[in-house]
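Participant: One file is attached below, upload09.pdb, containing PDB, C-alpha atoms and all ligand atoms.
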ATOM      1  CA  MET E 286       0.000   0.000   0.000  1.00  0.00           C
ATOM      2  CA  ALA E 287       1.748   3.118  -1.252  1.00  0.00           C
ATOM      3  CA  ALA E 288       1.372   6.589   0.305  1.00  0.00           C
ATOM      4  CA  ILE E 289       0.866   9.230  -2.363  1.00  0.00           C
ATOM      5  CA  ARG E 290       0.909  12.968  -1.949  1.00  0.00           C
ATOM      6  CA  THR E 291      -1.139  15.050  -4.384  1.00  0.00           C
ATOM      7  CA  LEU E 292      -3.346  18.090  -4.731  1.00  0.00           C
ATOM      8  CA  ALA E 293      -7.043  17.230  -4.675  1.00  0.00           C
ATOM      9  CA  LEU E 294     -10.332  19.000  -5.289  1.00  0.00           C
ATOM     10  CA  VAL E 295     -13.231  17.777  -3.117  1.00  0.00           C
ATOM     11  CA  ILE E 296     -16.065  17.033  -5.555  1.00  0.00           C
ATOM     12  CA  ARG E 297     -18.367  15.007  -3.273  1.00  0.00           C
ATOM     13  CA  SER E 298     -18.615  14.346   0.440  1.00  0.00           C
ATOM     14  CA  VAL E 299     -20.825  11.820   2.215  1.00  0.00           C
ATOM     15  CA  ASP E 300     -20.982  11.378   5.981  1.00  0.00           C
ATOM     16  CA  VAL E 301     -20.455   7.785   7.127  1.00  0.00           C
ATOM     17  CA  PHE E 302     -20.365   6.082  10.531  1.00  0.00           C
ATOM     18  CA  GLU E 303     -20.241   8.409  13.540  1.00  0.00           C
ATOM     19  CA  THR E 304     -17.441  10.755  12.636  1.00  0.00           C
ATOM     20  CA  SER E 305     -16.087   9.881   9.196  1.00  0.00           C
ATOM     21  CA  ARG E 306     -16.567  10.914   5.606  1.00  0.00           C
ATOM     22  CA  VAL E 307     -16.252   9.268   2.221  1.00  0.00           C
ATOM     23  CA  LEU E 308     -14.905  11.804  -0.212  1.00  0.00           C
ATOM     24  CA  THR E 309     -14.811  11.788  -3.963  1.00  0.00           C
ATOM     25  CA  LEU E 310     -11.661  13.671  -4.885  1.00  0.00           C
ATOM     26  CA  PHE E 311     -10.429  14.820  -8.246  1.00  0.00           C
ATOM     27  CA  THR E 312      -6.679  14.625  -7.719  1.00  0.00           C
ATOM     28  CA  ARG E 313      -3.890  15.974  -9.892  1.00  0.00           C
ATOM     29  CA  GLU E 314      -1.748  12.842  -9.827  1.00  0.00           C
ATOM     30  CA  LEU E 315      -4.306  10.011  -9.620  1.00  0.00           C
ATOM     31  CA  GLY E 316      -7.439  11.395 -11.237  1.00  0.00           C
ATOM     32  CA  LYS E 317     -10.721  10.671  -9.486  1.00  0.00           C
ATOM     33  CA  VAL E 318     -10.509   8.646  -6.267  1.00  0.00           C
ATOM     34  CA  SER E 319     -12.858   7.715  -3.453  1.00  0.00           C
ATOM     35  CA  ALA E 320     -11.278   7.978  -0.047  1.00  0.00           C
ATOM     36  CA  LEU E 321     -12.270   7.385   3.540  1.00  0.00           C
ATOM     37  CA  ALA E 322     -11.434  10.258   5.896  1.00  0.00           C
ATOM     38  CA  LYS E 323     -11.627   8.701   9.365  1.00  0.00           C
ATOM     39  CA  GLY E 324     -12.666  11.130  12.061  1.00  0.00           C
ATOM     40  CA  ALA E 325     -13.144  14.003   9.608  1.00  0.00           C
ATOM     41  CA  ARG E 326     -16.259  15.191  11.454  1.00  0.00           C
ATOM     42  CA  ARG E 327     -14.670  15.191  14.895  1.00  0.00           C
ATOM     43  CA  LEU E 328     -14.172  18.554  16.529  1.00  0.00           C
ATOM     44  CA  LYS E 329     -10.451  17.935  16.593  1.00  0.00           C
ATOM     45  CA  SER E 330     -10.281  16.416  13.138  1.00  0.00           C
ATOM     46  CA  PRO E 331      -6.883  15.314  11.886  1.00  0.00           C
ATOM     47  CA  PHE E 332      -7.604  17.135   8.625  1.00  0.00           C
ATOM     48  CA  GLN E 333      -7.936  20.694   9.935  1.00  0.00           C
ATOM     49  CA  SER E 334     -10.530  22.527   7.837  1.00  0.00           C
ATOM     50  CA  GLY E 335      -9.266  21.301   4.507  1.00  0.00           C
ATOM     51  CA  LEU E 336     -12.059  19.022   3.345  1.00  0.00           C
ATOM     52  CA  ASP E 337     -14.860  21.387   2.372  1.00  0.00           C
ATOM     53  CA  LEU E 338     -16.665  20.774  -0.880  1.00  0.00           C
ATOM     54  CA  LEU E 339     -14.957  22.549  -3.806  1.00  0.00           C
ATOM     55  CA  SER E 340     -11.783  23.370  -1.953  1.00  0.00           C
ATOM     56  CA  VAL E 341      -8.331  22.200  -3.037  1.00  0.00           C
ATOM     57  CA  CYS E 342      -6.239  20.372  -0.463  1.00  0.00           C
ATOM     58  CA  ASP E 343      -2.737  19.035  -0.315  1.00  0.00           C
ATOM     59  CA  ILE E 344      -3.402  15.427   0.706  1.00  0.00           C
ATOM     60  CA  VAL E 345      -1.681  12.155   1.480  1.00  0.00           C
ATOM     61  CA  LEU E 346      -3.525   8.997   0.448  1.00  0.00           C
ATOM     62  CA  LEU E 347      -2.878   5.382   1.189  1.00  0.00           C
ATOM     63  CA  HIS E 348      -3.686   4.063  -2.237  1.00  0.00           C
ATOM     64  CA  LYS E 349      -5.266   0.607  -2.383  1.00  0.00           C
ATOM     65  CA  ALA E 350      -4.704  -1.418  -5.500  1.00  0.00           C
ATOM     66  CA  SER E 351      -8.106  -3.115  -5.416  1.00  0.00           C
ATOM     67  CA  ASP E 352     -11.554  -1.561  -5.579  1.00  0.00           C
ATOM     68  CA  ALA E 353     -11.410  -0.742  -1.881  1.00  0.00           C
ATOM     69  CA  LEU E 354     -11.588   2.865  -0.756  1.00  0.00           C
ATOM     70  CA  ASP E 355      -8.318   4.710  -0.519  1.00  0.00           C
ATOM     71  CA  LEU E 356      -7.497   5.991   2.948  1.00  0.00           C
ATOM     72  CA  LEU E 357      -6.917   9.676   3.526  1.00  0.00           C
ATOM     73  CA  THR E 358      -4.193  10.254   6.110  1.00  0.00           C
ATOM     74  CA  GLU E 359      -3.468  13.998   5.745  1.00  0.00           C
ATOM     75  CA  ALA E 360      -5.201  17.007   4.253  1.00  0.00           C
ATOM     76  CA  VAL E 361      -4.159  20.643   4.423  1.00  0.00           C
ATOM     77  CA  LEU E 362      -6.136  23.377   2.728  1.00  0.00           C
ATOM     78  CA  ASP E 363      -4.342  24.702  -0.360  1.00  0.00           C
ATOM     79  CA  GLU E 364      -6.965  26.970  -1.943  1.00  0.00           C
ATOM     80  CA  ARG E 365     -10.483  27.986  -1.036  1.00  0.00           C
ATOM     81  CA  TYR E 366     -12.669  29.834  -3.540  1.00  0.00           C
ATOM     82  CA  GLU E 367     -14.305  32.607  -1.537  1.00  0.00           C
ATOM     83  CA  ALA E 368     -16.795  33.629  -4.241  1.00  0.00           C
ATOM     84  CA  LEU E 369     -18.408  30.176  -4.026  1.00  0.00           C
ATOM     85  CA  HIS E 370     -19.235  30.838  -0.370  1.00  0.00           C
ATOM     86  CA  ARG E 371     -20.938  34.172  -0.837  1.00  0.00           C
ATOM     87  CA  ASP E 372     -22.589  33.958  -4.293  1.00  0.00           C
ATOM     88  CA  THR E 373     -25.224  31.309  -5.049  1.00  0.00           C
ATOM     89  CA  ALA E 374     -24.810  31.546  -8.832  1.00  0.00           C
ATOM     90  CA  ALA E 375     -21.056  31.009  -8.468  1.00  0.00           C
ATOM     91  CA  LEU E 376     -21.687  28.076  -6.119  1.00  0.00           C
ATOM     92  CA  TYR E 377     -24.062  26.407  -8.614  1.00  0.00           C
ATOM     93  CA  ALA E 378     -21.480  26.859 -11.368  1.00  0.00           C
ATOM     94  CA  GLY E 379     -18.804  25.338  -9.119  1.00  0.00           C
ATOM     95  CA  CYS E 380     -21.061  22.389  -8.267  1.00  0.00           C
ATOM     96  CA  TYR E 381     -21.721  21.883 -11.986  1.00  0.00           C
ATOM     97  CA  VAL E 382     -17.954  21.739 -12.598  1.00  0.00           C
ATOM     98  CA  ALA E 383     -17.685  19.111  -9.839  1.00  0.00           C
ATOM     99  CA  GLU E 384     -20.634  17.147 -11.254  1.00  0.00           C
ATOM    100  CA  LEU E 385     -18.989  17.028 -14.695  1.00  0.00           C
ATOM    101  CA  LEU E 386     -15.648  15.860 -13.303  1.00  0.00           C
ATOM    102  CA  ASP E 387     -17.450  13.137 -11.385  1.00  0.00           C
ATOM    103  CA  ALA E 388     -19.596  12.040 -14.344  1.00  0.00           C
ATOM    104  CA  LEU E 389     -17.046  12.266 -17.165  1.00  0.00           C
ATOM    105  CA  THR E 390     -13.740  11.088 -15.669  1.00  0.00           C
ATOM    106  CA  ASP E 391     -12.807   7.544 -14.708  1.00  0.00           C
ATOM    107  CA  ARG E 392     -11.308   6.472 -11.425  1.00  0.00           C
ATOM    108  CA  HIS E 393      -7.508   6.472 -11.320  1.00  0.00           C
ATOM    109  CA  ASP E 394      -7.236   8.103 -14.742  1.00  0.00           C
ATOM    110  CA  PRO E 395      -5.148  11.245 -14.149  1.00  0.00           C
ATOM    111  CA  HIS E 396      -5.586  14.439 -16.185  1.00  0.00           C
ATOM    112  CA  PRO E 397      -3.274  17.030 -14.630  1.00  0.00           C
ATOM    113  CA  ARG E 398      -4.063  19.641 -17.296  1.00  0.00           C
ATOM    114  CA  LEU E 399      -7.777  19.291 -16.604  1.00  0.00           C
ATOM    115  CA  PHE E 400      -7.046  19.628 -12.894  1.00  0.00           C
ATOM    116  CA  ASP E 401      -5.194  22.889 -13.559  1.00  0.00           C
ATOM    117  CA  ALA E 402      -7.985  24.158 -15.854  1.00  0.00           C
ATOM    118  CA  THR E 403     -10.509  23.357 -13.110  1.00  0.00           C
ATOM    119  CA  ARG E 404      -8.618  25.503 -10.607  1.00  0.00           C
ATOM    120  CA  VAL E 405      -8.467  28.452 -12.995  1.00  0.00           C
ATOM    121  CA  THR E 406     -12.204  28.094 -13.667  1.00  0.00           C
ATOM    122  CA  LEU E 407     -13.153  27.946  -9.972  1.00  0.00           C
ATOM    123  CA  ARG E 408     -10.951  30.959  -9.234  1.00  0.00           C
ATOM    124  CA  HIS E 409     -12.976  33.195 -11.572  1.00  0.00           C
ATOM    125  CA  LEU E 410     -16.570  32.050 -11.092  1.00  0.00           C
ATOM    126  CA  GLY E 411     -17.338  35.105  -8.955  1.00  0.00           C
ATOM    127  CA  ASP E 412     -17.460  37.323 -12.049  1.00  0.00           C
ATOM    128  CA  PRO E 413     -21.055  37.297 -13.342  1.00  0.00           C
ATOM    129  CA  VAL E 414     -20.126  38.767 -16.749  1.00  0.00           C
ATOM    130  CA  SER E 415     -17.654  36.074 -17.787  1.00  0.00           C
ATOM    131  CA  ARG E 416     -19.144  33.197 -15.749  1.00  0.00           C
ATOM    132  CA  PRO E 417     -21.531  31.703 -18.356  1.00  0.00           C
ATOM    133  CA  SER E 418     -18.801  31.698 -21.013  1.00  0.00           C
ATOM    134  CA  ARG E 419     -16.225  30.396 -18.546  1.00  0.00           C
ATOM    135  CA  VAL E 420     -18.387  27.399 -17.650  1.00  0.00           C
ATOM    136  CA  ILE E 421     -18.814  26.510 -21.347  1.00  0.00           C
ATOM    137  CA  ARG E 422     -15.088  26.962 -21.914  1.00  0.00           C
ATOM    138  CA  PHE E 423     -14.470  24.536 -19.051  1.00  0.00           C
ATOM    139  CA  GLU E 424     -16.906  21.994 -20.521  1.00  0.00           C
ATOM    140  CA  LEU E 425     -15.158  22.139 -23.886  1.00  0.00           C
ATOM    141  CA  ALA E 426     -11.718  21.849 -22.217  1.00  0.00           C
ATOM    142  CA  CYS E 427     -13.046  18.820 -20.370  1.00  0.00           C
ATOM    143  CA  LEU E 428     -14.276  17.212 -23.604  1.00  0.00           C
ATOM    144  CA  ARG E 429     -10.972  17.883 -25.381  1.00  0.00           C
ATOM    145  CA  GLU E 430      -8.852  16.532 -22.538  1.00  0.00           C
ATOM    146  CA  LEU E 431     -10.963  13.364 -22.346  1.00  0.00           C
ATOM    147  CA  GLY E 432     -10.901  12.774 -26.111  1.00  0.00           C
ATOM    148  CA  LEU E 433     -14.628  13.557 -26.461  1.00  0.00           C
ATOM    149  CA  MET E 434     -14.429  16.865 -28.302  1.00  0.00           C
ATOM    150  CA  PRO E 435     -17.042  17.233 -31.054  1.00  0.00           C
ATOM    151  CA  ALA E 436     -15.764  18.016 -34.551  1.00  0.00           C
ATOM    152  CA  LEU E 437     -16.154  21.763 -35.121  1.00  0.00           C
ATOM    153  CA  ASP E 438     -14.588  22.224 -38.557  1.00  0.00           C
ATOM    154  CA  THR E 439     -14.905  19.105 -40.672  1.00  0.00           C
ATOM    155  CA  CYS E 440     -17.699  16.567 -41.046  1.00  0.00           C
ATOM    156  CA  VAL E 441     -17.407  13.982 -38.290  1.00  0.00           C
ATOM    157  CA  HIS E 442     -18.184  11.190 -40.789  1.00  0.00           C
ATOM    158  CA  CYS E 443     -16.348  11.988 -44.026  1.00  0.00           C
ATOM    159  CA  GLY E 444     -13.871  14.662 -42.936  1.00  0.00           C
ATOM    160  CA  ARG E 445     -14.895  17.180 -45.577  1.00  0.00           C
ATOM    161  CA  VAL E 446     -15.382  20.844 -44.730  1.00  0.00           C
ATOM    162  CA  PRO E 447     -19.132  21.356 -45.088  1.00  0.00           C
ATOM    163  CA  SER E 448     -20.231  24.557 -46.736  1.00  0.00           C
ATOM    164  CA  PRO E 449     -22.997  26.246 -44.765  1.00  0.00           C
ATOM    165  CA  ASP E 450     -26.435  26.425 -46.391  1.00  0.00           C
ATOM    166  CA  ARG E 451     -27.752  29.712 -47.754  1.00  0.00           C
ATOM    167  CA  GLY E 452     -28.841  30.770 -44.295  1.00  0.00           C
ATOM    168  CA  ASP E 453     -25.267  30.219 -42.952  1.00  0.00           C
ATOM    169  CA  ARG E 454     -26.428  27.153 -41.031  1.00  0.00           C
ATOM    170  CA  VAL E 455     -24.588  23.879 -40.386  1.00  0.00           C
ATOM    171  CA  ALA E 456     -25.907  20.531 -39.157  1.00  0.00           C
ATOM    172  CA  PHE E 457     -24.447  19.358 -35.858  1.00  0.00           C
ATOM    173  CA  GLY E 458     -24.812  15.840 -34.495  1.00  0.00           C
ATOM    174  CA  LEU E 459     -25.368  16.144 -30.748  1.00  0.00           C
ATOM    175  CA  ALA E 460     -24.893  12.421 -30.176  1.00  0.00           C
ATOM    176  CA  THR E 461     -22.599  11.640 -33.108  1.00  0.00           C
ATOM    177  CA  GLY E 462     -19.784  14.041 -32.382  1.00  0.00           C
ATOM    178  CA  GLY E 463     -20.178  17.334 -34.197  1.00  0.00           C
ATOM    179  CA  VAL E 464     -20.475  18.937 -37.602  1.00  0.00           C
ATOM    180  CA  LEU E 465     -22.196  16.955 -40.378  1.00  0.00           C
ATOM    181  CA  CYS E 466     -22.040  17.709 -44.084  1.00  0.00           C
ATOM    182  CA  PRO E 467     -25.311  17.640 -46.107  1.00  0.00           C
ATOM    183  CA  GLU E 468     -24.396  14.225 -47.592  1.00  0.00           C
ATOM    184  CA  CYS E 469     -23.785  12.594 -44.205  1.00  0.00           C
ATOM    185  CA  ARG E 470     -26.648  14.241 -42.349  1.00  0.00           C
ATOM    186  CA  PRO E 471     -29.584  12.057 -43.490  1.00  0.00           C
ATOM    187  CA  GLY E 472     -30.442   9.296 -41.037  1.00  0.00           C
ATOM    188  CA  GLN E 473     -28.347  10.705 -38.176  1.00  0.00           C
ATOM    189  CA  PRO E 474     -30.112  10.890 -34.797  1.00  0.00           C
ATOM    190  CA  HIS E 475     -30.265  14.029 -32.636  1.00  0.00           C
ATOM    191  CA  VAL E 476     -29.113  16.570 -35.199  1.00  0.00           C
ATOM    192  CA  ALA E 477     -29.307  20.275 -34.367  1.00  0.00           C
ATOM    193  CA  THR E 478     -29.012  23.071 -36.888  1.00  0.00           C
ATOM    194  CA  LEU E 479     -26.493  25.666 -35.752  1.00  0.00           C
ATOM    195  CA  SER E 480     -26.241  29.180 -37.084  1.00  0.00           C
ATOM    196  CA  GLY E 481     -22.854  30.404 -38.294  1.00  0.00           C
ATOM    197  CA  PRO E 482     -22.429  32.750 -35.284  1.00  0.00           C
ATOM    198  CA  THR E 483     -23.251  29.919 -32.848  1.00  0.00           C
ATOM    199  CA  LEU E 484     -20.692  27.545 -34.397  1.00  0.00           C
ATOM    200  CA  ARG E 485     -18.083  30.302 -34.484  1.00  0.00           C
ATOM    201  CA  ALA E 486     -18.742  31.121 -30.810  1.00  0.00           C
ATOM    202  CA  ILE E 487     -18.245  27.436 -29.891  1.00  0.00           C
ATOM    203  CA  ARG E 488     -14.971  27.413 -31.837  1.00  0.00           C
ATOM    204  CA  ALA E 489     -13.807  30.570 -30.038  1.00  0.00           C
ATOM    205  CA  LEU E 490     -14.727  29.103 -26.646  1.00  0.00           C
ATOM    206  CA  ALA E 491     -12.791  25.927 -27.491  1.00  0.00           C
ATOM    207  CA  SER E 492      -9.675  27.754 -28.718  1.00  0.00           C
ATOM    208  CA  PRO E 493      -6.639  28.969 -26.792  1.00  0.00           C
ATOM    209  CA  GLY E 494      -6.136  32.719 -26.679  1.00  0.00           C
ATOM    210  CA  ASP E 495      -8.581  35.507 -25.971  1.00  0.00           C
ATOM    211  CA  ALA E 496     -11.141  35.117 -28.789  1.00  0.00           C
ATOM    212  CA  TRP E 497     -13.627  33.574 -26.317  1.00  0.00           C
ATOM    213  CA  LYS E 498     -13.854  36.855 -24.423  1.00  0.00           C
ATOM    214  CA  ALA E 499     -15.973  38.221 -27.283  1.00  0.00           C
ATOM    215  CA  THR E 500     -18.803  36.025 -25.895  1.00  0.00           C
ATOM    216  CA  TRP E 501     -18.813  37.750 -22.469  1.00  0.00           C
ATOM    217  CA  GLY E 502     -21.898  39.688 -21.537  1.00  0.00           C
ATOM    218  CA  ASP E 503     -23.974  38.504 -24.507  1.00  0.00           C
ATOM    219  CA  PRO E 504     -26.660  36.217 -23.043  1.00  0.00           C
ATOM    220  CA  GLU E 505     -28.653  36.124 -26.276  1.00  0.00           C
ATOM    221  CA  GLY E 506     -25.693  35.050 -28.400  1.00  0.00           C
ATOM    222  CA  LEU E 507     -24.627  32.539 -25.767  1.00  0.00           C
ATOM    223  CA  ALA E 508     -28.027  30.850 -25.304  1.00  0.00           C
ATOM    224  CA  PRO E 509     -27.819  28.527 -28.374  1.00  0.00           C
ATOM    225  CA  VAL E 510     -24.187  27.747 -27.491  1.00  0.00           C
ATOM    226  CA  ARG E 511     -25.263  26.830 -23.942  1.00  0.00           C
ATOM    227  CA  ALA E 512     -28.044  24.613 -25.321  1.00  0.00           C
ATOM    228  CA  THR E 513     -25.744  22.848 -27.808  1.00  0.00           C
ATOM    229  CA  VAL E 514     -22.893  22.117 -25.396  1.00  0.00           C
ATOM    230  CA  GLY E 515     -25.387  21.067 -22.699  1.00  0.00           C
ATOM    231  CA  ALA E 516     -27.014  18.637 -25.138  1.00  0.00           C
ATOM    232  CA  VAL E 517     -23.636  17.147 -26.151  1.00  0.00           C
ATOM    233  CA  ILE E 518     -22.729  16.600 -22.473  1.00  0.00           C
ATOM    234  CA  SER E 519     -26.163  15.123 -21.705  1.00  0.00           C
ATOM    235  CA  HIS E 520     -25.781  12.613 -24.558  1.00  0.00           C
ATOM    236  CA  LEU E 521     -22.306  11.655 -23.350  1.00  0.00           C
ATOM    237  CA  ILE E 522     -23.311  10.925 -19.772  1.00  0.00           C
ATOM    238  CA  GLY E 523     -26.711   9.534 -20.684  1.00  0.00           C
ATOM    239  CA  ARG E 524     -28.730  12.043 -18.651  1.00  0.00           C
ATOM    240  CA  ARG E 525     -29.091  15.745 -18.143  1.00  0.00           C
ATOM    241  CA  PRO E 526     -26.627  16.936 -15.489  1.00  0.00           C
ATOM    242  CA  ARG E 527     -28.510  17.883 -12.338  1.00  0.00           C
ATOM    243  CA  LEU E 528     -27.025  21.373 -12.181  1.00  0.00           C
ATOM    244  CA  LEU E 529     -27.167  22.172 -15.894  1.00  0.00           C
ATOM    245  CA  PRO E 530     -30.369  24.259 -15.542  1.00  0.00           C
ATOM    246  CA  PHE E 531     -28.548  26.519 -13.072  1.00  0.00           C
ATOM    247  CA  VAL E 532     -25.557  27.519 -15.220  1.00  0.00           C
TER     248      VAL E 532
HETATM  249 ZN    ZN L   1     -19.790  14.155 -44.377  1.00  0.00          ZN
END
Mind converting the file's structure to structure tokens?
Ligand SMILES: [Zn+2]

Facilitator:
Amino acid sequence: MAAIRTLALVIRSVDVFETSRVLTLFTRELGKVSALAKGARRLKSPFQSGLDLLSVCDIVLLHKASDALDLLTEAVLDERYEALHRDTAALYAGCYVAELLDALTDRHDPHPRLFDATRVTLRHLGDPVSRPSRVIRFELACLRELGLMPALDTCVHCGRVPSPDRGDRVAFGLATGGVLCPECRPGQPHVATLSGPTLRAIRALASPGDAWKATWGDPEGLAPVRATVGAVISHLIGRRPRLLPFV
């Protein structure tokens, strides 16, 4: 049984027995793990105040090779996101981020870049102007990192660049992984028709650099983007995320 030290975001916490907790942690080095924190609810807990939902802790885990719960032996608070404690909209967005990490990542499958992107996202959720765009940017980063990114430029089936129809619209397979050309569209399930501006906004939100900032403070322009990305995520996890209506 190896002791491993890593940074970890608390994405779920369930009270068990008299004084303990089972935590779902999204860790930088090990990916998602479930760990038992013995005595975490005692007044003099061995974990100080580090184990609040949506806080990042520096932890030591005794990592079990089998399906058994890992054992948390140390936890020290590394970063707490104050905005999540004073702003309900920011808290919902943070809980949505946690729900996605829980639903989309596998146990013991590390994604350090996604961990770092999560921290940056949580740090800025207090800003109501950029928050809706930031959440979508996180979702797209999540999909890219996990190899689930929809095709945004070429037809997901034949690889050709589809020319938009006369109304500047493109077909987009919500369950089949992105843009569809007119030849490949027939017979595909769950196809949405995206306007040119909507597809371009999704591309900007998925790209490095600052182009995505053009979507800030434009709820009308963002609404079809929100609906499209939400539908892609819902198809991937087989249900609508619980907190999706709140972001
Ligand atoms: Zn095609």

Participant: Determine the nearest neighbour of E:Ser298 from the options E:Glu367, E:Asp453, E:Asp387, E:Glu424, counting only C-alpha atoms.

Facilitator: E:Asp387

Participant: Might you spell out which residues the PyMOL selection byres (((not hetatm)) within 7 of (chain L and resi 1)) would select in the displayed file, as a PyMOL selection string?

Facilitator: chain E and resi 440-445+465-469

Participant: May I have a table of the residues of stretch 400-519 of chain E lying at most 12 Å from stretch 325-340 of chain E, giving each one's closest pair of atoms and their distance in Å to one decimal, counting all atoms listed in the file, ordered by chain and ascending residue number, as CSV?

Facilitator:
residue,atom,partner,partner_atom,distance
E:Thr403,CA,E:Leu339,CA,10.3
E:Arg404,CA,E:Ser340,CA,9.5
E:Thr406,CA,E:Leu339,CA,11.6
E:Leu407,CA,E:Leu339,CA,8.4
E:Arg408,CA,E:Ser340,CA,10.5

Participant: Given the PyMOL selection byres (((chain E and resi 319) around 9) and not hetatm) and the file above, list the residues it selects as a list in words.

Facilitator: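 Selected by the PyMOL selection byres (((chain E and resi 319) around 9) and not hetatm) in this file: Val307, Leu308, Thr309, Leu310, Phe311, Lys317, Val318, Ala320, Leu321, Ala353, Leu354, Asp355, Leu356 and Arg392 of chain E.
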
Participant: Of the candidates E:Gly324, E:Pro449, E:Gly379, E:Pro493, which shows the shortest atom-to-atom distance to E:Arg297, using all atoms listed in the file?

Facilitator: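 The closest residue to E:Arg297 is E:Gly379.
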
Participant: Write out as a list in words which residues come within 8 Å of E:Val510 when counting only C-alpha atoms, dropping same-chain ones fewer than 6 positions away.

Facilitator: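 After dropping sequence-adjacent residues, the list is Thr483, Leu484, Ala486 and Ile487 of chain E.
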
Participant: Keeping C-alpha atoms for every residue in the selection just given, could you write it to a file as a compact mmCIF listing (two decimals), keeping the file's coordinate frame?

Facilitator:
# COMPACT_ATOMS: atom_id res chain seq x y z
CA THR E 483 -23.25 29.92 -32.85
CA LEU E 484 -20.69 27.54 -34.40
CA ALA E 486 -18.74 31.12 -30.81
CA ILE E 487 -18.24 27.44 -29.89

Participant: Just the residues within 9 Å of E:Ser415, please, counting all atoms listed in the file, with nothing from its chain fewer than 3 positions along; format it as a list of chain:residue names.

Facilitator: E:His409, E:Leu410, E:Gly411, E:Asp412, E:Ser418, E:Arg419, E:Val420, E:Lys498, E:Thr500, E:Trp501, E:Gly502

Participant: Name the closest residue to E:Ser351 among the candidates E:Glu505, E:Glu303, E:Arg371, E:His393; distances are taken between atoms, counting only C-alpha atoms.

Facilitator: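 Closest to E:Ser351 of all the choices is E:His393.
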
Participant: So that I can see what lies close to E:Gly481, please list as a PyMOL selection string the residues with an atom at most 12 Å from it, counting all atoms listed in the file and leaving out residues fewer than 3 positions away in the same chain.

Facilitator: chain E and resi 437-438+447-457+464+478+484-488+506+509-510

Participant: Given the choices E:Gly472, E:Leu386, E:Pro417, E:Thr373, which gets closest to E:Ala512 if the distance is worked out from only C-alpha atoms?

Facilitator: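 Ranked by minimum distance to E:Ala512, first place goes to E:Pro417.
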
Participant: May I have the residues within 12 Å of E:Thr390 as a list of chain:residue names, using only C-alpha atoms and disregarding those fewer than 4 positions away in the same chain?

Facilitator: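 Residues meeting the cut-off are E:Ile296, E:Thr309, E:Leu310, E:Phe311, E:Thr312, E:Leu315, E:Gly316, E:Lys317, E:Val318, E:Val382, E:Ala383, E:Glu384, E:Leu385, E:Leu386, E:Asp394, E:Pro395, E:His396, E:Leu399, E:Phe400, E:Cys427, E:Leu428, E:Glu430, E:Leu431, E:Gly432, E:Leu433, E:Leu521, E:Ile522.
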
Participant: Quick one: apply the PyMOL selection byres (((chain E and resi 358) around 9) and not hetatm) to the file and drop the selected residues here as a PyMOL selection string.

Facilitator: chain E and resi 288+321-323+331-332+344-347+356-357+359-360

Participant: How would the residues just picked look written out with C-alpha atoms as a compact mmCIF listing (two decimals), in the frame of the given file?

Facilitator:
# COMPACT_ATOMS: atom_id res chain seq x y z
CA ALA E 288 1.37 6.59 0.30
CA LEU E 321 -12.27 7.38 3.54
CA ALA E 322 -11.43 10.26 5.90
CA LYS E 323 -11.63 8.70 9.36
CA PRO E 331 -6.88 15.31 11.89
CA PHE E 332 -7.60 17.14 8.62
CA ILE E 344 -3.40 15.43 0.71
CA VAL E 345 -1.68 12.16 1.48
CA LEU E 346 -3.52 9.00 0.45
CA LEU E 347 -2.88 5.38 1.19
CA LEU E 356 -7.50 5.99 2.95
CA LEU E 357 -6.92 9.68 3.53
CA GLU E 359 -3.47 14.00 5.74
CA ALA E 360 -5.20 17.01 4.25
